[in-house]
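Student: Starting off with a structure, shown below.
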Amino acid sequence: MLGTLTNEQMDDLLKRLTIGRLGYRDDRKCYITPVTYAYDGKYIYGQSNEGMKLNIIRNNPYVCFEVDAILNMANWESILLWGHFEELVDETAKRGREYLYNHLLDQLTSTTIHLQKHGHSFEEDDKNRIKQIVYRIHIGEMTGRFEKQ
C-alpha cells in the first residue's frame with residue numbers, strides 16, 4: 001500500500017533519524033549533501049565547517065531537506081521539506097549545539113576508543129566532530145510518503 005504520511009508520522013520519523021540530505025543551489029548547479037541532524041519538533045539543527053556549502057547557502061538560504069527510512073523496496077518512508085537556513089550565534093548557537101549533541105550522543109564514536117594506525121594508537125580529533133557553524137532550518141513546507149506491505 002502506498003500512502004501519505006500524516007504530520008504526526010513525519011514528526012516521529014524526523015525525530016527518530018539522524019542523517020538527512022541537505023539540498024541547496026547556486027546560479028549554476030544544485031547540490032545534495034548528507035548531514036547529521038537533530039529535530040526538535042520545529043527546527044532541523046545541524047553543524048558545518050566553513051566551505052563551499054556555507055558560501056552557497058549564505059547567498060541563497062532557501063534549502064530543501066530529505067530523510068528516508070528504507071527497509072526494502074516495498075517498505076519505506078520518506079520526507080521532503082523546504083525551509084530557510086539560519087546560522088546561529090551566541091547563546092542560540094550554544095543551545096542548538098547542545099540539543100544536536102544530546103540527540104546524537106549515542107551515535108558518536110566513544111572517546112575511549114582509540115583508532116590504530118601502524119600499531120600506534122592516536123586520539124580522536126574533536127575537530128572532526130565539533131564544527132565551527134551551528135545552524136537550523138525553519139521548516140516552511142513538508143510532505144511525506146510511504147509504502148508498506
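By convention here, the chains of the C-alpha cells are called A, B, ... in the order presented, each chain's residues are numbered starting at 1, and ligands are numbered starting at 1 in the order presented.
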With a distance cut-off of 10 Å and only C-alpha atoms, select the neighbouring residues of segment 137-143 of chain A, excluding the residue or stretch itself and same-chain residues fewer than 2 positions from it, and output the selection as a PyMOL selection string.
Tutor: chain A and resi 4-7+10+22+39+41-46+61-66+78-87+135+145
Student: Can you pull out every residue within 8 Å of Leu88 of chain A, counting only C-alpha atoms, but drop anything in the same chain fewer than 2 positions away, and send it as number ranges by chain?
Tutor: A: 86, 90, 92-93, 96, 133-136
Student: Atom CA of Leu105 of chain A and atom CA of Val35 of chain A are how many Å apart?
Tutor: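 Interatomic distance, atom CA of Leu105 of chain A to atom CA of Val35 of chain A: 15.2 Å.
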Student: For Gln9 of chain A, which of A:Val67, A:Ile57, A:Glu77, A:Asp27 is the closest residue, counting only C-alpha atoms?
Tutor: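 Looking only at the distances to Gln9 of chain A, the closest residue turns out to be A:Glu77.
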Student: Provide the atom CA of Tyr99 of chain A to atom CA of Asp12 of chain A distance in Å, to one decimal place.
Tutor: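 Value for the atom CA of Tyr99 of chain A-atom CA of Asp12 of chain A distance: 16.8 Å.
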Student: Got a sec to tell me which of chain A DSSP assigns to helix (DSSP H, G or I), as an NGL selection string?
Tutor: :A and (7-16 or 52-59 or 90-107 or 126-128)
Student: Just how far from atom CA of Leu54 of chain A is atom CA of Cys30 of chain A, in Å to one decimal?
Tutor: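 Straight-line distance from atom CA of Cys30 of chain A to atom CA of Leu54 of chain A works out to 13.6 Å.
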Student: For Leu17 of chain A, which residue out of A:Leu104, A:Arg97, A:Leu2, A:Ile32 is the nearest one, using only C-alpha atoms?
Tutor: A:Leu104
Student: With distances taken over only C-alpha atoms, which of A:Asn102, A:Arg25, A:Thr18, A:Met1 is nearest to Asn59 of chain A?
Tutor: A:Arg25
Student: Choose the residue, out of A:Phe146, A:Gly51, A:His103, A:Lys29, that has the smallest atom-to-atom separation from Lys15 of chain A; count only C-alpha atoms.
Tutor: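 So, comparing all the options, the nearest one is A:His103.
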Student: Give the strand (DSSP E or B) residues of chain A, as DSSP finds them on the backbone, and put them as an MDAnalysis selection string.
Tutor: chainID A and resid 2:4 19:25 30:36 38:39 43:48 62:72 75:88 115:117 120:122 133:147
